[in-house]
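Novice: Data file start.tsv (TSV, C-alpha atoms and all ligand atoms) is appended below.
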```tsv
chain	number	residue	atom	x	y	z
A	17	MET	CA	97.80	82.28	104.04
A	18	THR	CA	101.44	81.35	103.66
A	19	LYS	CA	103.75	82.98	106.18
A	20	VAL	CA	107.34	83.66	105.17
A	21	ILE	CA	109.87	83.99	108.00
A	22	THR	CA	113.54	84.95	107.75
A	23	PHE	CA	116.04	84.33	110.54
A	24	GLY	CA	118.63	87.09	110.67
A	25	ASN	CA	121.53	88.83	112.34
A	26	PHE	CA	124.41	90.63	110.63
A	27	LYS	CA	126.81	88.47	112.57
A	28	GLY	CA	127.86	84.89	111.81
A	29	GLY	CA	128.02	81.96	114.17
A	30	VAL	CA	125.18	83.17	116.39
A	31	GLY	CA	122.81	80.24	115.80
A	32	LYS	CA	120.64	81.55	112.93
A	33	THR	CA	120.89	78.40	110.86
A	34	MET	CA	120.26	75.97	113.71
A	35	THR	CA	117.29	78.01	114.93
A	36	SER	CA	115.76	78.20	111.47
A	37	VAL	CA	116.27	74.46	110.90
A	38	MET	CA	114.75	73.53	114.28
A	39	THR	CA	111.79	75.86	113.66
A	40	ALA	CA	111.17	74.38	110.21
A	41	LEU	CA	111.27	70.85	111.68
A	42	ASP	CA	108.95	71.78	114.55
A	43	LEU	CA	106.43	73.42	112.25
A	44	SER	CA	106.40	70.34	110.01
A	45	LYS	CA	105.92	68.07	113.04
A	46	ASP	CA	102.96	70.29	113.96
A	47	GLY	CA	101.40	69.28	110.64
A	48	LYS	CA	102.22	72.49	108.75
A	49	LYS	CA	103.53	72.29	105.20
A	50	VAL	CA	106.99	73.84	105.29
A	51	LEU	CA	109.52	74.89	102.65
A	52	PHE	CA	113.04	75.66	103.88
A	53	ILE	CA	114.92	77.95	101.51
A	54	ASP	CA	118.65	77.90	102.14
A	55	PHE	CA	119.70	81.32	100.93
A	56	ASP	CA	123.24	81.13	102.32
A	57	PRO	CA	126.03	79.94	99.96
A	58	GLN	CA	127.62	78.17	102.96
A	59	GLY	CA	124.76	75.68	102.79
A	60	ASN	CA	124.89	74.73	106.49
A	61	GLY	CA	121.12	74.38	106.76
A	62	SER	CA	121.08	72.13	103.67
A	63	ASP	CA	123.81	70.02	105.23
A	64	VAL	CA	122.01	69.49	108.57
A	65	LEU	CA	118.73	68.66	106.84
A	66	ALA	CA	120.44	66.23	104.44
A	67	LYS	CA	121.91	64.42	107.45
A	68	THR	CA	118.61	64.53	109.31
A	69	PHE	CA	116.69	62.90	106.44
A	70	ASN	CA	119.60	60.87	105.13
A	71	ILE	CA	119.44	62.18	101.56
A	72	ASN	CA	121.65	64.06	99.13
A	73	TYR	CA	120.81	66.82	96.69
A	74	LEU	CA	122.52	65.47	93.59
A	75	ASP	CA	119.55	64.73	91.36
A	76	ARG	CA	118.09	68.22	90.96
A	77	PRO	CA	119.20	71.70	89.82
A	78	THR	CA	120.82	73.83	92.53
A	79	ILE	CA	119.16	76.95	93.90
A	80	PHE	CA	121.55	78.98	91.74
A	81	GLU	CA	120.41	77.23	88.56
A	82	GLY	CA	116.84	77.86	89.66
A	83	LEU	CA	117.54	81.54	90.22
A	84	GLU	CA	119.28	81.70	86.82
A	85	LYS	CA	116.29	80.15	85.05
A	86	GLY	CA	113.82	82.21	87.05
A	87	GLU	CA	112.05	79.10	88.32
A	88	LEU	CA	112.54	77.41	91.71
A	89	THR	CA	110.13	74.46	91.42
A	90	LYS	CA	112.70	72.07	89.94
A	91	SER	CA	115.15	72.89	92.74
A	92	ILE	CA	112.78	71.74	95.48
A	93	HIS	CA	113.66	68.47	97.23
A	94	ILE	CA	111.02	66.71	99.28
A	95	LEU	CA	112.46	65.72	102.66
A	96	ASP	CA	109.32	64.27	104.22
A	97	ASP	CA	105.51	64.55	104.01
A	98	ASN	CA	105.44	68.05	105.46
A	99	ILE	CA	108.85	69.47	104.73
A	100	SER	CA	110.78	70.32	101.57
A	101	ILE	CA	113.94	72.26	100.88
A	102	VAL	CA	115.52	74.42	98.23
A	103	PRO	CA	119.11	73.55	99.15
A	104	SER	CA	122.06	75.80	98.58
A	105	ASP	CA	125.69	75.34	97.76
A	106	ILE	CA	128.68	77.52	97.05
A	107	SER	CA	127.49	78.32	93.51
A	108	LEU	CA	125.02	80.70	95.16
A	109	VAL	CA	127.88	83.21	95.65
A	110	GLY	CA	127.17	84.17	92.03
A	111	PHE	CA	123.75	85.58	92.97
A	112	GLN	CA	124.86	89.20	93.12
A	113	PHE	CA	126.42	89.03	89.63
A	114	LEU	CA	123.37	87.23	88.33
A	115	LEU	CA	121.16	90.03	89.60
A	116	SER	CA	123.34	92.63	87.91
A	117	ASP	CA	122.95	90.72	84.64
A	118	LEU	CA	119.24	90.04	84.92
A	119	THR	CA	117.91	93.20	86.46
A	120	LYS	CA	120.33	95.82	85.08
A	121	ASN	CA	119.61	99.09	86.89
A	122	ASP	CA	116.12	98.19	88.03
A	123	TYR	CA	116.63	98.42	91.81
A	124	SER	CA	113.16	97.27	92.73
A	125	LYS	CA	113.36	94.21	90.46
A	126	ARG	CA	116.76	93.43	91.94
A	127	ALA	CA	115.53	93.50	95.54
A	128	TYR	CA	112.27	91.65	94.81
A	129	TYR	CA	113.87	88.89	92.70
A	130	LEU	CA	113.47	86.10	95.29
A	131	ASP	CA	109.98	87.28	96.21
A	132	ALA	CA	108.89	87.02	92.58
A	133	LEU	CA	110.21	83.43	92.34
A	134	ILE	CA	108.55	82.40	95.61
A	135	GLU	CA	105.16	83.81	94.63
A	136	PRO	CA	104.07	80.94	92.32
A	137	ILE	CA	105.14	78.21	94.81
A	138	LYS	CA	103.74	79.84	97.95
A	139	LYS	CA	100.35	78.22	97.65
A	140	ASP	CA	101.82	74.78	98.34
A	141	TYR	CA	103.09	75.73	101.82
A	142	ASP	CA	101.87	77.06	105.15
A	143	PHE	CA	105.32	78.33	106.06
A	144	ILE	CA	108.43	79.26	104.12
A	145	ILE	CA	111.56	79.59	106.26
A	146	ILE	CA	114.56	81.46	104.82
A	147	ASP	CA	118.07	81.14	106.22
A	148	THR	CA	120.43	83.97	105.26
A	149	PRO	CA	124.13	84.82	105.38
A	150	PRO	CA	125.30	87.39	107.95
A	151	THR	CA	125.76	90.34	105.62
A	152	ILE	CA	123.89	93.40	104.45
A	153	SER	CA	123.66	92.32	100.84
A	154	ASP	CA	121.41	91.31	97.98
A	155	PHE	CA	120.77	88.10	99.97
A	156	THR	CA	119.32	89.86	102.99
A	157	ASN	CA	117.54	92.51	100.91
A	158	ASN	CA	115.84	89.78	98.89
A	159	ALA	CA	115.01	87.69	101.96
A	160	VAL	CA	113.49	90.64	103.82
A	161	LEU	CA	111.33	91.71	100.88
A	162	ALA	CA	110.10	88.13	100.44
A	163	SER	CA	109.26	87.83	104.17
A	164	ASP	CA	106.28	88.65	106.33
A	165	TYR	CA	108.34	88.29	109.50
A	166	ILE	CA	111.91	88.45	110.74
A	167	VAL	CA	113.17	86.54	113.78
A	168	LEU	CA	116.39	88.07	115.04
A	169	VAL	CA	118.85	85.71	116.66
A	170	MET	CA	121.13	87.21	119.27
A	171	GLN	CA	123.95	85.55	121.15
A	172	THR	CA	124.60	86.83	124.64
A	173	GLN	CA	127.67	88.80	123.67
A	174	LEU	CA	127.86	92.48	122.99
A	175	TRP	CA	128.75	92.38	119.29
A	176	SER	CA	125.81	90.15	118.57
A	177	LEU	CA	123.54	92.60	120.42
A	178	TYR	CA	125.00	95.48	118.36
A	179	ALA	CA	124.39	93.50	115.19
A	180	VAL	CA	120.71	93.07	116.16
A	181	GLU	CA	120.53	96.77	116.96
A	182	THR	CA	121.63	97.59	113.42
A	183	TYR	CA	119.24	95.04	111.89
A	184	ILE	CA	116.12	96.77	113.22
A	185	PRO	CA	116.66	100.17	111.53
A	186	TYR	CA	117.71	98.23	108.41
A	187	ILE	CA	114.27	96.53	108.29
A	188	HIS	CA	112.54	99.87	108.83
A	189	GLN	CA	114.65	101.40	106.06
A	190	MET	CA	113.77	98.55	103.68
A	191	ASN	CA	110.07	99.00	104.49
A	192	THR	CA	110.29	102.75	103.86
A	193	THR	CA	112.30	102.41	100.64
A	194	TYR	CA	110.31	99.59	99.09
A	195	GLY	CA	106.89	100.08	100.71
A	196	SER	CA	107.12	96.56	102.16
A	197	GLU	CA	105.54	95.47	105.46
A	198	CYS	CA	108.07	93.11	106.90
A	199	GLU	CA	107.48	92.79	110.64
A	200	ILE	CA	110.03	92.03	113.35
A	201	LEU	CA	108.48	89.07	115.12
A	202	GLY	CA	110.97	89.01	117.95
A	203	VAL	CA	114.50	88.67	119.22
A	204	VAL	CA	115.59	85.27	120.48
A	205	SER	CA	118.52	85.05	122.88
A	206	MET	CA	121.07	82.32	122.57
A	207	LEU	CA	122.52	82.08	126.03
A	208	LEU	CA	126.17	81.09	125.83
A	209	ASP	CA	126.86	80.74	129.53
A	210	LYS	CA	123.99	80.64	131.99
A	211	LYS	CA	126.13	81.74	134.89
A	212	GLY	CA	128.26	84.20	132.91
A	213	SER	CA	127.97	87.76	134.20
A	214	VAL	CA	128.60	89.18	130.71
A	215	ASP	CA	125.85	86.99	129.29
A	216	ASN	CA	123.36	88.15	131.88
A	217	ASP	CA	124.44	91.75	131.33
A	218	VAL	CA	123.76	91.43	127.62
A	219	ILE	CA	120.34	89.89	128.30
A	220	ARG	CA	119.52	92.80	130.62
A	221	LYS	CA	120.67	95.37	128.04
A	222	ALA	CA	118.71	93.58	125.32
A	223	LYS	CA	115.56	93.66	127.47
A	224	GLU	CA	116.02	97.40	128.00
A	225	THR	CA	116.48	97.95	124.28
A	226	PHE	CA	113.98	95.53	122.76
A	227	GLY	CA	111.42	95.19	125.59
A	228	GLU	CA	108.45	93.03	124.59
A	229	THR	CA	110.12	92.18	121.30
A	230	MET	CA	112.31	89.66	123.16
A	231	PHE	CA	111.00	86.10	123.16
A	232	SER	CA	110.80	84.72	126.66
A	233	THR	CA	112.24	81.36	125.54
A	234	LEU	CA	116.01	81.24	125.98
A	235	ILE	CA	118.04	78.94	123.77
A	236	TYR	CA	120.89	77.48	125.80
A	237	ASN	CA	124.30	76.45	124.62
A	238	ARG	CA	124.10	72.66	124.48
A	239	GLN	CA	126.71	70.16	123.33
A	240	ARG	CA	123.84	68.04	122.03
A	241	VAL	CA	122.73	70.79	119.64
A	242	LYS	CA	126.29	71.23	118.42
A	243	ARG	CA	126.34	67.52	117.68
A	244	TYR	CA	123.23	67.88	115.49
A	245	SER	CA	125.26	69.87	112.95
A	246	SER	CA	127.41	66.82	112.29
A	247	GLU	CA	124.88	64.03	112.85
A	248	GLY	CA	121.52	65.58	111.95
A	249	VAL	CA	118.57	66.25	114.24
A	250	PRO	CA	116.57	63.37	115.78
A	251	LEU	CA	113.07	63.51	114.34
A	252	LEU	CA	111.18	61.66	117.03
A	253	LEU	CA	111.48	61.54	120.76
A	254	GLU	CA	110.79	58.15	122.27
A	255	LYS	CA	110.43	57.00	125.84
A	256	ASN	CA	114.04	55.89	125.89
A	257	SER	CA	115.42	58.98	124.09
A	258	SER	CA	118.29	60.60	125.89
A	259	ILE	CA	117.45	63.38	128.33
A	260	HIS	CA	119.82	65.60	126.31
A	261	ASP	CA	117.76	65.18	123.15
A	262	LYS	CA	114.53	65.78	125.04
A	263	ASP	CA	115.93	68.94	126.58
A	264	ALA	CA	117.35	70.25	123.27
A	265	LEU	CA	114.25	69.57	121.20
A	266	ASN	CA	111.97	70.94	123.90
A	267	MET	CA	113.90	74.21	124.05
A	268	TYR	CA	113.28	74.89	120.35
A	269	LYS	CA	109.70	73.66	120.62
A	270	GLN	CA	109.00	76.32	123.25
A	271	LEU	CA	110.36	78.93	120.87
A	272	ASN	CA	108.14	77.57	118.11
A	273	ILE	CA	105.07	77.87	120.35
A	274	GLU	CA	105.93	81.52	120.98
A	275	ILE	CA	106.50	82.14	117.26
A	276	LEU	CA	103.11	80.67	116.35
A	277	ASP	CA	101.47	82.57	119.17
A	278	ARG	CA	102.86	85.88	117.92
A	279	ILE	CA	101.83	85.15	114.37
A	280	GLY	CA	98.36	84.34	115.67
A	281	ASP	CA	98.38	80.83	114.27
A	282	ASN	CA	97.21	78.99	117.39
B	301	LIG	N1	121.95	75.91	121.08
B	301	LIG	C1	123.18	75.62	120.66
B	301	LIG	N2	124.06	75.03	121.50
B	301	LIG	C2	125.33	74.71	121.11
B	301	LIG	N3	125.81	74.94	119.88
B	301	LIG	C3	124.97	75.54	118.98
B	301	LIG	C4	123.64	75.90	119.31
B	301	LIG	N4	123.07	76.45	118.20
B	301	LIG	C5	124.01	76.43	117.24
B	301	LIG	N5	125.16	75.89	117.70
B	301	LIG	C6	126.43	75.69	116.99
B	301	LIG	O1	127.04	76.95	116.83
B	301	LIG	C7	127.62	77.07	115.54
B	301	LIG	C8	126.99	78.26	114.81
B	301	LIG	O2	125.59	78.01	114.65
B	301	LIG	P1	124.84	78.35	113.32
B	301	LIG	O3	123.41	78.01	113.52
B	301	LIG	O4	125.55	77.76	112.15
B	301	LIG	O5	125.02	79.95	113.31
B	301	LIG	P2	124.87	81.01	112.13
B	301	LIG	O6	123.91	80.48	111.15
B	301	LIG	O7	124.38	82.25	112.82
B	301	LIG	O8	126.25	81.20	111.55
B	301	LIG	C9	127.40	75.75	114.84
B	301	LIG	O9	128.54	74.97	115.00
B	301	LIG	C10	126.24	75.12	115.59
B	301	LIG	O10	126.32	73.73	115.61
B	302	MG	MG	124.15	80.19	109.10
```
Before anything else, please render the file you have as structure tokens.
Ligand SMILES: Nc1ncnc2c1ncn2[C@@H]1O[C@H](COP(=O)(O)OP(=O)(O)O)[C@@H](O)[C@H]1O
Ligand SMILES: [Mg+2]
Specialist:
Amino acid sequence: MTKVITFGNFKGGVGKTMTSVMTALDLSKDGKKVLFIDFDPQGNGSDVLAKTFNINYLDRPTIFEGLEKGELTKSIHILDDNISIVPSDISLVGFQFLLSDLTKNDYSKRAYYLDALIEPIKKDYDFIIIDTPPTISDFTNNAVLASDYIVLVMQTQLWSLYAVETYIPYIHQMNTTYGSECEILGVVSMLLDKKGSVDNDVIRKAKETFGETMFSTLIYNRQRVKRYSSEGVPLLLEKNSSIHDKDALNMYKQLNIEILDRIGDN
């Protein structure tokens, strides 16, 4: 059965997009059929994946046009054998107005709009990964209700921890209000400074608060990963690949192993 996973935090710049992109790539390298839905008007995930596969998204309708027409199939771009994308761009900011137009005062229809459009395409994929903007909004409501699992991304700074702390009751509230069964798969820590006392303090606090929900893999702050946002992600590691690429890709691979383990897909 297709698993839909959203990467979230109500704070920007914490590594949601990079983590969701790396997870999508890892799953596809594992032989799973993956669809990446970029549900953030900033389109950062679309940008990294375009650079990674050296393509552009000019020849097909945007995600917004797909949402307008109520049909996402034509907005899907194939990136490689196992991975496709519904890319986003700034036109997606119109989503909230579109929903007001299309769903009037039907709150349930409004919140389940993305879910309804994903339903007919689900069968073609093992995993659908959704990247979201850092807001409590129609975007996150729609992503949560379309998802089986949420992975929360937390930077090792207090405000990011607080933002994760507010996300958890939000998921529970969504489940109660809409009768959905979205599960929090885990909290992944993005360690900004390995030796930083504040960073380690935040990790300790997060462990106290989230306990077993924390993934044991830590994502470290790496210049190499930062470079991927401008150059794309290397798809293959070779014998002569740089140690920095090996280290960066391996870090996300470990996270992917934990994700699959928790889902029970191994
Ligand atoms: N592990 C990492 N090490 C260093 N820089 C990172 C890492 N992950 C993400 N970044 C960088 O941090 C910035 C924010 O990451 P991004 O994934 O866009 O966060 P978000 O989606 O939460 O806004 C980007 O410039 C990205 O390149
Ligand atoms: Mg992002």
Novice: If the limit is 9 Å from any atom of ligand MG 302 (chain B), counting all atoms listed in the file, which residues qualify? Return them as a list in words.
Specialist: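 The residues within 9 Å of ligand MG 302 (chain B), counting all atoms listed in the file, are Gly24, Gly28, Gly29, Val30, Gly31, Lys32, Thr33, Met34, Ser36, Asp56, Gln58, Gly59, Asn60, Gly61, Asp147, Thr148, Pro149 and Pro150 of chain A.
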Novice: Could you give me, as a ChimeraX atom specification, the residues within 10 Å of Tyr244 (chain A), counting all atoms listed in the file and dropping anything in the same chain fewer than 4 positions from it?
Specialist: /A:34,64-65,67-68,239-240,248-250,261
Novice: For the residues in that selection, give me C-alpha atoms as a short mmCIF file (atom, residue, chain, number, x, y, z; two decimals), in the coordinates of the input.
Specialist:
```cif
data_model
loop_
_atom_site.label_atom_id
_atom_site.label_comp_id
_atom_site.auth_asym_id
_atom_site.auth_seq_id
_atom_site.Cartn_x
_atom_site.Cartn_y
_atom_site.Cartn_z
CA MET A 34 120.26 75.97 113.71
CA VAL A 64 122.01 69.49 108.57
CA LEU A 65 118.73 68.66 106.84
CA LYS A 67 121.91 64.42 107.45
CA THR A 68 118.61 64.53 109.31
CA GLN A 239 126.71 70.16 123.33
CA ARG A 240 123.84 68.04 122.03
CA GLY A 248 121.52 65.58 111.95
CA VAL A 249 118.57 66.25 114.24
CA PRO A 250 116.57 63.37 115.78
CA ASP A 261 117.76 65.18 123.15
#
```
Novice: Please list, as a list in words, the residues that have an atom at most 10 Å away from (109.0, 63.2, 106.5) in the coordinates of this file, counting only C-alpha atoms.
Specialist: Leu41, Ser44, Lys45, Phe69, Ile94, Leu95, Asp96, Asp97, Asn98, Ile99, Ser100 and Leu251 of chain A
Novice: Mind giving me the straight-line distance from CA of Phe80 (chain A) to CA of Tyr128 (chain A) in Å, one decimal?
Specialist: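 Pair CA of Phe80 (chain A) / CA of Tyr128 (chain A) returns 16.0 Å.
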Novice: At what distance in Å, to one decimal, does CA of Phe226 (chain A) lie from CA of Tyr178 (chain A)?
Specialist: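 Rounded to one decimal, the two atoms are 11.9 Å apart.
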